[in-house]
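K.L.:
Just so it is clear, I am handing over entry16.pdb, which has PDB, C-alpha atoms, pLDDT in the B column.
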ATOM      1  CA  MET A   1     -21.977  15.370  44.575  1.00 44.00           C
ATOM      2  CA  PRO A   2     -18.985  16.636  46.564  1.00 46.00           C
ATOM      3  CA  LEU A   3     -15.700  16.856  44.657  1.00 47.00           C
ATOM      4  CA  SER A   4     -13.976  14.289  46.890  1.00 51.00           C
ATOM      5  CA  ILE A   5     -16.536  11.618  45.975  1.00 52.00           C
ATOM      6  CA  GLN A   6     -16.264  12.104  42.186  1.00 52.00           C
ATOM      7  CA  PRO A   7     -12.850  10.409  41.730  1.00 55.00           C
ATOM      8  CA  ALA A   8     -13.918   7.489  43.923  1.00 50.00           C
ATOM      9  CA  MET A   9     -17.177   7.141  41.990  1.00 49.00           C
ATOM     10  CA  ALA A  10     -15.335   7.288  38.651  1.00 52.00           C
ATOM     11  CA  LEU A  11     -12.893   4.609  39.840  1.00 50.00           C
ATOM     12  CA  TRP A  12     -15.759   2.393  41.043  1.00 48.00           C
ATOM     13  CA  LEU A  13     -17.590   2.729  37.716  1.00 52.00           C
ATOM     14  CA  ARG A  14     -14.395   2.028  35.775  1.00 55.00           C
ATOM     15  CA  GLU A  15     -13.699  -1.080  37.889  1.00 55.00           C
ATOM     16  CA  LYS A  16     -17.325  -2.214  37.624  1.00 54.00           C
ATOM     17  CA  LYS A  17     -17.155  -1.963  33.820  1.00 52.00           C
ATOM     18  CA  ARG A  18     -13.921  -3.992  33.796  1.00 54.00           C
ATOM     19  CA  ILE A  19     -15.577  -6.646  35.929  1.00 55.00           C
ATOM     20  CA  ASP A  20     -18.669  -6.668  33.691  1.00 60.00           C
ATOM     21  CA  VAL A  21     -16.568  -6.988  30.526  1.00 59.00           C
ATOM     22  CA  PHE A  22     -14.476  -9.724  32.142  1.00 60.00           C
ATOM     23  CA  PHE A  23     -17.665 -11.525  33.223  1.00 59.00           C
ATOM     24  CA  LEU A  24     -19.175 -11.275  29.740  1.00 59.00           C
ATOM     25  CA  LEU A  25     -16.016 -12.572  28.045  1.00 61.00           C
ATOM     26  CA  THR A  26     -15.758 -15.427  30.547  1.00 65.00           C
ATOM     27  CA  PHE A  27     -19.460 -16.257  30.133  1.00 59.00           C
ATOM     28  CA  TRP A  28     -19.229 -16.154  26.335  1.00 59.00           C
ATOM     29  CA  LYS A  29     -16.120 -18.300  26.298  1.00 59.00           C
ATOM     30  CA  ALA A  30     -17.660 -20.855  28.665  1.00 62.00           C
ATOM     31  CA  ASN A  31     -20.898 -21.092  26.674  1.00 65.00           C
ATOM     32  CA  MET A  32     -19.718 -21.204  23.070  1.00 70.00           C
ATOM     33  CA  GLU A  33     -17.695 -23.542  20.976  1.00 77.00           C
ATOM     34  CA  LYS A  34     -13.980 -22.785  21.034  1.00 78.00           C
ATOM     35  CA  TRP A  35     -13.824 -22.070  17.286  1.00 79.00           C
ATOM     36  CA  VAL A  36     -16.485 -19.343  17.624  1.00 79.00           C
ATOM     37  CA  PHE A  37     -14.484 -17.659  20.364  1.00 79.00           C
ATOM     38  CA  TYR A  38     -11.336 -17.823  18.202  1.00 80.00           C
ATOM     39  CA  ALA A  39     -13.256 -16.421  15.210  1.00 80.00           C
ATOM     40  CA  ILE A  40     -14.475 -13.455  17.275  1.00 79.00           C
ATOM     41  CA  ILE A  41     -10.930 -12.712  18.430  1.00 82.00           C
ATOM     42  CA  SER A  42      -9.769 -12.970  14.801  1.00 83.00           C
ATOM     43  CA  MET A  43     -12.499 -10.544  13.726  1.00 81.00           C
ATOM     44  CA  VAL A  44     -11.400  -7.948  16.275  1.00 84.00           C
ATOM     45  CA  PHE A  45      -7.735  -8.176  15.290  1.00 85.00           C
ATOM     46  CA  ALA A  46      -8.633  -8.082  11.573  1.00 85.00           C
ATOM     47  CA  GLY A  47     -10.521  -4.832  12.193  1.00 82.00           C
ATOM     48  CA  PHE A  48      -7.479  -3.320  13.847  1.00 86.00           C
ATOM     49  CA  THR A  49      -5.232  -4.601  11.052  1.00 88.00           C
ATOM     50  CA  SER A  50      -6.843  -2.523   8.311  1.00 87.00           C
ATOM     51  CA  VAL A  51      -6.736   0.744  10.239  1.00 88.00           C
ATOM     52  CA  ILE A  52      -3.197   0.208  11.518  1.00 91.00           C
ATOM     53  CA  ALA A  53      -2.018  -0.779   8.024  1.00 92.00           C
ATOM     54  CA  LYS A  54      -3.538   2.370   6.499  1.00 91.00           C
ATOM     55  CA  MET A  55      -1.675   4.458   9.092  1.00 92.00           C
ATOM     56  CA  GLY A  56       1.544   2.580   8.281  1.00 93.00           C
ATOM     57  CA  LEU A  57       1.197   3.298   4.563  1.00 93.00           C
ATOM     58  CA  ALA A  58       1.561   7.056   5.062  1.00 92.00           C
ATOM     59  CA  GLY A  59       4.318   8.236   2.742  1.00 93.00           C
ATOM     60  CA  ILE A  60       5.250   4.804   1.345  1.00 95.00           C
ATOM     61  CA  SER A  61       3.938   2.537  -1.399  1.00 93.00           C
ATOM     62  CA  GLY A  62       1.452  -0.233  -0.743  1.00 92.00           C
ATOM     63  CA  GLU A  63       4.027  -2.709  -2.021  1.00 93.00           C
ATOM     64  CA  LEU A  64       6.665  -1.645   0.520  1.00 95.00           C
ATOM     65  CA  GLY A  65       4.047  -1.623   3.284  1.00 93.00           C
ATOM     66  CA  LEU A  66       2.952  -5.142   2.401  1.00 93.00           C
ATOM     67  CA  THR A  67       6.550  -6.344   2.337  1.00 94.00           C
ATOM     68  CA  ILE A  68       7.318  -4.918   5.785  1.00 96.00           C
ATOM     69  CA  ARG A  69       4.068  -6.279   7.212  1.00 94.00           C
ATOM     70  CA  THR A  70       4.762  -9.723   5.769  1.00 95.00           C
ATOM     71  CA  LEU A  71       8.218  -9.784   7.367  1.00 96.00           C
ATOM     72  CA  PHE A  72       6.646  -9.059  10.747  1.00 95.00           C
ATOM     73  CA  VAL A  73       3.923 -11.679  10.188  1.00 95.00           C
ATOM     74  CA  SER A  74       6.542 -14.270   9.216  1.00 95.00           C
ATOM     75  CA  VAL A  75       8.593 -13.666  12.359  1.00 96.00           C
ATOM     76  CA  PHE A  76       5.533 -13.770  14.624  1.00 95.00           C
ATOM     77  CA  VAL A  77       4.071 -16.904  13.007  1.00 94.00           C
ATOM     78  CA  LEU A  78       7.395 -18.729  13.159  1.00 95.00           C
ATOM     79  CA  GLY A  79       7.758 -17.720  16.810  1.00 95.00           C
ATOM     80  CA  PHE A  80       4.222 -18.959  17.475  1.00 93.00           C
ATOM     81  CA  ALA A  81       5.018 -22.257  15.743  1.00 93.00           C
ATOM     82  CA  VAL A  82       8.080 -22.834  17.927  1.00 93.00           C
ATOM     83  CA  PHE A  83       5.829 -22.828  20.995  1.00 92.00           C
ATOM     84  CA  ALA A  84       2.574 -24.233  19.607  1.00 93.00           C
ATOM     85  CA  VAL A  85       3.544 -26.950  17.099  1.00 93.00           C
ATOM     86  CA  PRO A  86       5.043 -30.122  18.569  1.00 93.00           C
ATOM     87  CA  ALA A  87       8.048 -31.333  16.574  1.00 91.00           C
ATOM     88  CA  ALA A  88       6.444 -34.795  16.489  1.00 92.00           C
ATOM     89  CA  GLU A  89       3.684 -33.347  14.279  1.00 93.00           C
ATOM     90  CA  LEU A  90       6.042 -32.414  11.410  1.00 92.00           C
ATOM     91  CA  PRO A  91       6.347 -35.962   9.995  1.00 93.00           C
ATOM     92  CA  THR A  92       2.549 -36.099   9.624  1.00 95.00           C
ATOM     93  CA  LEU A  93       2.719 -33.600   6.740  1.00 93.00           C
ATOM     94  CA  ASP A  94       2.153 -35.176   3.349  1.00 95.00           C
ATOM     95  CA  ARG A  95       2.250 -33.925  -0.246  1.00 95.00           C
ATOM     96  CA  MET A  96      -1.438 -32.997  -0.262  1.00 95.00           C
ATOM     97  CA  ASN A  97      -1.039 -30.882   2.894  1.00 94.00           C
ATOM     98  CA  LEU A  98       1.870 -29.072   1.265  1.00 94.00           C
ATOM     99  CA  LEU A  99       0.003 -28.649  -2.033  1.00 95.00           C
ATOM    100  CA  TRP A 100      -3.168 -27.161  -0.503  1.00 94.00           C
ATOM    101  CA  LEU A 101      -1.312 -25.038   2.053  1.00 93.00           C
ATOM    102  CA  GLY A 102       1.046 -23.836  -0.690  1.00 93.00           C
ATOM    103  CA  LEU A 103      -1.928 -22.861  -2.872  1.00 94.00           C
ATOM    104  CA  SER A 104      -3.451 -21.124   0.140  1.00 93.00           C
ATOM    105  CA  GLY A 105      -0.184 -19.190   0.484  1.00 92.00           C
ATOM    106  CA  VAL A 106      -0.367 -18.146  -3.175  1.00 93.00           C
ATOM    107  CA  THR A 107      -3.977 -16.954  -2.852  1.00 94.00           C
ATOM    108  CA  THR A 108      -3.155 -15.179   0.429  1.00 92.00           C
ATOM    109  CA  THR A 109      -0.271 -13.400  -1.285  1.00 93.00           C
ATOM    110  CA  LEU A 110      -2.453 -12.294  -4.188  1.00 93.00           C
ATOM    111  CA  SER A 111      -5.188 -11.181  -1.795  1.00 93.00           C
ATOM    112  CA  TRP A 112      -2.721  -9.145   0.288  1.00 92.00           C
ATOM    113  CA  VAL A 113      -1.054  -7.556  -2.759  1.00 93.00           C
ATOM    114  CA  PHE A 114      -4.355  -6.250  -4.094  1.00 93.00           C
ATOM    115  CA  TYR A 115      -5.694  -5.426  -0.624  1.00 93.00           C
ATOM    116  CA  TYR A 116      -2.696  -3.180   0.051  1.00 92.00           C
ATOM    117  CA  LYS A 117      -3.006  -1.536  -3.367  1.00 92.00           C
ATOM    118  CA  ALA A 118      -6.675  -0.815  -2.612  1.00 92.00           C
ATOM    119  CA  LEU A 119      -5.941   0.292   0.960  1.00 91.00           C
ATOM    120  CA  LYS A 120      -3.309   2.768  -0.213  1.00 91.00           C
ATOM    121  CA  LEU A 121      -5.814   4.415  -2.575  1.00 91.00           C
ATOM    122  CA  GLY A 122      -9.191   3.946  -0.870  1.00 89.00           C
ATOM    123  CA  ASP A 123     -11.029   4.423   2.403  1.00 88.00           C
ATOM    124  CA  VAL A 124     -10.400   1.752   5.038  1.00 88.00           C
ATOM    125  CA  ALA A 125     -14.109   1.113   5.657  1.00 84.00           C
ATOM    126  CA  THR A 126     -14.888   0.592   1.984  1.00 84.00           C
ATOM    127  CA  VAL A 127     -11.804  -1.505   1.202  1.00 87.00           C
ATOM    128  CA  ALA A 128     -12.273  -3.673   4.309  1.00 86.00           C
ATOM    129  CA  LEU A 129     -15.936  -4.279   3.519  1.00 84.00           C
ATOM    130  CA  ILE A 130     -15.271  -5.211  -0.097  1.00 86.00           C
ATOM    131  CA  ASP A 131     -12.535  -7.547   1.149  1.00 89.00           C
ATOM    132  CA  LYS A 132     -15.034  -9.156   3.527  1.00 86.00           C
ATOM    133  CA  GLY A 133     -17.128  -9.963   0.474  1.00 88.00           C
ATOM    134  CA  SER A 134     -14.680 -12.860   0.308  1.00 91.00           C
ATOM    135  CA  VAL A 135     -17.054 -14.550   2.765  1.00 90.00           C
ATOM    136  CA  VAL A 136     -19.493 -15.049  -0.109  1.00 92.00           C
ATOM    137  CA  VAL A 137     -16.715 -16.476  -2.302  1.00 92.00           C
ATOM    138  CA  ALA A 138     -15.694 -18.799   0.567  1.00 93.00           C
ATOM    139  CA  ILE A 139     -19.285 -19.986   1.020  1.00 94.00           C
ATOM    140  CA  LEU A 140     -19.599 -20.816  -2.666  1.00 94.00           C
ATOM    141  CA  LEU A 141     -16.204 -22.545  -2.844  1.00 93.00           C
ATOM    142  CA  ALA A 142     -16.924 -24.522   0.347  1.00 93.00           C
ATOM    143  CA  TRP A 143     -20.185 -25.716  -1.217  1.00 95.00           C
ATOM    144  CA  LEU A 144     -18.546 -26.551  -4.531  1.00 95.00           C
ATOM    145  CA  LEU A 145     -15.262 -28.113  -3.353  1.00 92.00           C
ATOM    146  CA  LEU A 146     -15.938 -29.302   0.200  1.00 93.00           C
ATOM    147  CA  LYS A 147     -19.612 -30.205  -0.249  1.00 94.00           C
ATOM    148  CA  GLU A 148     -20.612 -28.030   2.706  1.00 93.00           C
ATOM    149  CA  VAL A 149     -24.345 -27.443   3.010  1.00 94.00           C
ATOM    150  CA  ILE A 150     -25.712 -23.999   2.218  1.00 94.00           C
ATOM    151  CA  THR A 151     -28.744 -23.341   4.392  1.00 95.00           C
ATOM    152  CA  LEU A 152     -31.346 -20.589   4.179  1.00 95.00           C
ATOM    153  CA  ARG A 153     -29.576 -18.891   7.115  1.00 95.00           C
ATOM    154  CA  ILE A 154     -26.289 -18.849   5.180  1.00 94.00           C
ATOM    155  CA  ILE A 155     -28.006 -17.557   2.021  1.00 94.00           C
ATOM    156  CA  MET A 156     -29.678 -14.769   4.003  1.00 95.00           C
ATOM    157  CA  GLY A 157     -26.393 -13.833   5.705  1.00 93.00           C
ATOM    158  CA  ALA A 158     -24.507 -13.808   2.387  1.00 92.00           C
ATOM    159  CA  THR A 159     -27.239 -11.688   0.826  1.00 94.00           C
ATOM    160  CA  LEU A 160     -26.961  -9.180   3.673  1.00 93.00           C
ATOM    161  CA  ILE A 161     -23.173  -9.074   3.240  1.00 89.00           C
ATOM    162  CA  VAL A 162     -23.544  -8.338  -0.480  1.00 90.00           C
ATOM    163  CA  ALA A 163     -26.239  -5.723   0.227  1.00 91.00           C
ATOM    164  CA  GLY A 164     -24.007  -4.029   2.829  1.00 86.00           C
ATOM    165  CA  LEU A 165     -21.108  -4.156   0.416  1.00 85.00           C
ATOM    166  CA  LEU A 166     -23.167  -2.431  -2.286  1.00 86.00           C
ATOM    167  CA  VAL A 167     -24.460   0.243   0.123  1.00 86.00           C
ATOM    168  CA  ILE A 168     -21.059   1.155   1.542  1.00 79.00           C
ATOM    169  CA  ALA A 169     -19.104   0.840  -1.707  1.00 73.00           C
ATOM    170  CA  LYS A 170     -21.475   3.132  -3.616  1.00 74.00           C
ATOM    171  CA  LYS A 171     -20.133   6.663  -3.640  1.00 71.00           C
ATOM    172  CA  PRO A 172     -22.746   9.427  -3.253  1.00 70.00           C
TER     173      PRO A 172
END
Just give me the structure of the file as structure tokens.
P.N.:
Amino acid sequence: MPLSIQPAMALWLREKKRIDVFFLLTFWKANMEKWVFYAIISMVFAGFTSVIAKMGLAGISGELGLTIRTLFVSVFVLGFAVFAVPAAELPTLDRMNLLWLGLSGVTTTLSWVFYYKALKLGDVATVALIDKGSVVVAILLAWLLLKEVITLRIIMGATLIVAGLLVIAKKP
């Protein structure tokens, strides 16, 4: 292939891939429930979070890293709320909302404290996978407290998560 054609071919392939990715994302979004699409986006950002956090912990304690991260999260979430939460919705909050969301904040805090301690000392892949074992805890708590149904599909998926956790967490 002549040299003058190579850049044009590379550009065409790059643009074609962008179009294909755009088409796939559009197709997926159009053909799945909105919550699934949001969960996939969350998964991608959560994957980035662990790696970026580990890089940010270089030379500082996990506790300081968590504190700085939490300040950023607070600012971004409050900024999001200003645009996404109608003021008319605030009076709909009741004591039970505040109780359960407050408890969720406590458990999130405890999870983050120990996650950052683990991340500071361990490998990102291992720490992140063990953390994702929380899916199994969530399944069990949803069954126990929310009366959600546990199907064979969910049992098989949870079993695979635990098996993957054991394989990756085991040091050679």
K.L.:
Evaluating the PyMOL selection byres ((chain A and resi 105-120) around 10) on the displayed file yields which residues, as a PyMOL selection string?
P.N.:
chain A and resi 50-51+53-67+70+99-104+121-128+130-131+134
K.L.:
Could you dump the residues just selected with C-alpha atoms as a PDB file, in the coordinates of the input?
P.N.:
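In the end it all went to selection-v4.pdb:
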ATOM      1  CA  SER A  50      -6.843  -2.523   8.311  1.00 87.00           C
ATOM      2  CA  VAL A  51      -6.736   0.744  10.239  1.00 88.00           C
ATOM      3  CA  ALA A  53      -2.018  -0.779   8.024  1.00 92.00           C
ATOM      4  CA  LYS A  54      -3.538   2.370   6.499  1.00 91.00           C
ATOM      5  CA  MET A  55      -1.675   4.458   9.092  1.00 92.00           C
ATOM      6  CA  GLY A  56       1.544   2.580   8.281  1.00 93.00           C
ATOM      7  CA  LEU A  57       1.197   3.298   4.563  1.00 93.00           C
ATOM      8  CA  ALA A  58       1.561   7.056   5.062  1.00 92.00           C
ATOM      9  CA  GLY A  59       4.318   8.236   2.742  1.00 93.00           C
ATOM     10  CA  ILE A  60       5.250   4.804   1.345  1.00 95.00           C
ATOM     11  CA  SER A  61       3.938   2.537  -1.399  1.00 93.00           C
ATOM     12  CA  GLY A  62       1.452  -0.233  -0.743  1.00 92.00           C
ATOM     13  CA  GLU A  63       4.027  -2.709  -2.021  1.00 93.00           C
ATOM     14  CA  LEU A  64       6.665  -1.645   0.520  1.00 95.00           C
ATOM     15  CA  GLY A  65       4.047  -1.623   3.284  1.00 93.00           C
ATOM     16  CA  LEU A  66       2.952  -5.142   2.401  1.00 93.00           C
ATOM     17  CA  THR A  67       6.550  -6.344   2.337  1.00 94.00           C
ATOM     18  CA  THR A  70       4.762  -9.723   5.769  1.00 95.00           C
ATOM     19  CA  LEU A  99       0.003 -28.649  -2.033  1.00 95.00           C
ATOM     20  CA  TRP A 100      -3.168 -27.161  -0.503  1.00 94.00           C
ATOM     21  CA  LEU A 101      -1.312 -25.038   2.053  1.00 93.00           C
ATOM     22  CA  GLY A 102       1.046 -23.836  -0.690  1.00 93.00           C
ATOM     23  CA  LEU A 103      -1.928 -22.861  -2.872  1.00 94.00           C
ATOM     24  CA  SER A 104      -3.451 -21.124   0.140  1.00 93.00           C
ATOM     25  CA  LEU A 121      -5.814   4.415  -2.575  1.00 91.00           C
ATOM     26  CA  GLY A 122      -9.191   3.946  -0.870  1.00 89.00           C
ATOM     27  CA  ASP A 123     -11.029   4.423   2.403  1.00 88.00           C
ATOM     28  CA  VAL A 124     -10.400   1.752   5.038  1.00 88.00           C
ATOM     29  CA  ALA A 125     -14.109   1.113   5.657  1.00 84.00           C
ATOM     30  CA  THR A 126     -14.888   0.592   1.984  1.00 84.00           C
ATOM     31  CA  VAL A 127     -11.804  -1.505   1.202  1.00 87.00           C
ATOM     32  CA  ALA A 128     -12.273  -3.673   4.309  1.00 86.00           C
ATOM     33  CA  ILE A 130     -15.271  -5.211  -0.097  1.00 86.00           C
ATOM     34  CA  ASP A 131     -12.535  -7.547   1.149  1.00 89.00           C
ATOM     35  CA  SER A 134     -14.680 -12.860   0.308  1.00 91.00           C
TER      36      SER A 134
END
K.L.:
Can you work out which one of A:Val135, A:Val75, A:Val82, A:Ile41 has the shortest atom-to-atom distance to Leu165 in chain A, counting only C-alpha atoms?
P.N.:
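Smallest separation from Leu165 in chain A among the options: A:Val135.
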K.L.:
Quick check, in Å to one decimal: how far apart do CA of Gly47 in chain A and CA of Lys34 in chain A lie?
P.N.:
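Taking CA of Gly47 in chain A and CA of Lys34 in chain A, their separation equals 20.3 Å.
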K.L.:
Between CA of Leu145 in chain A and CA of Leu90 in chain A, measure the distance and give it in Å to one decimal.
P.N.:
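Between these atoms lies a distance of 26.3 Å.
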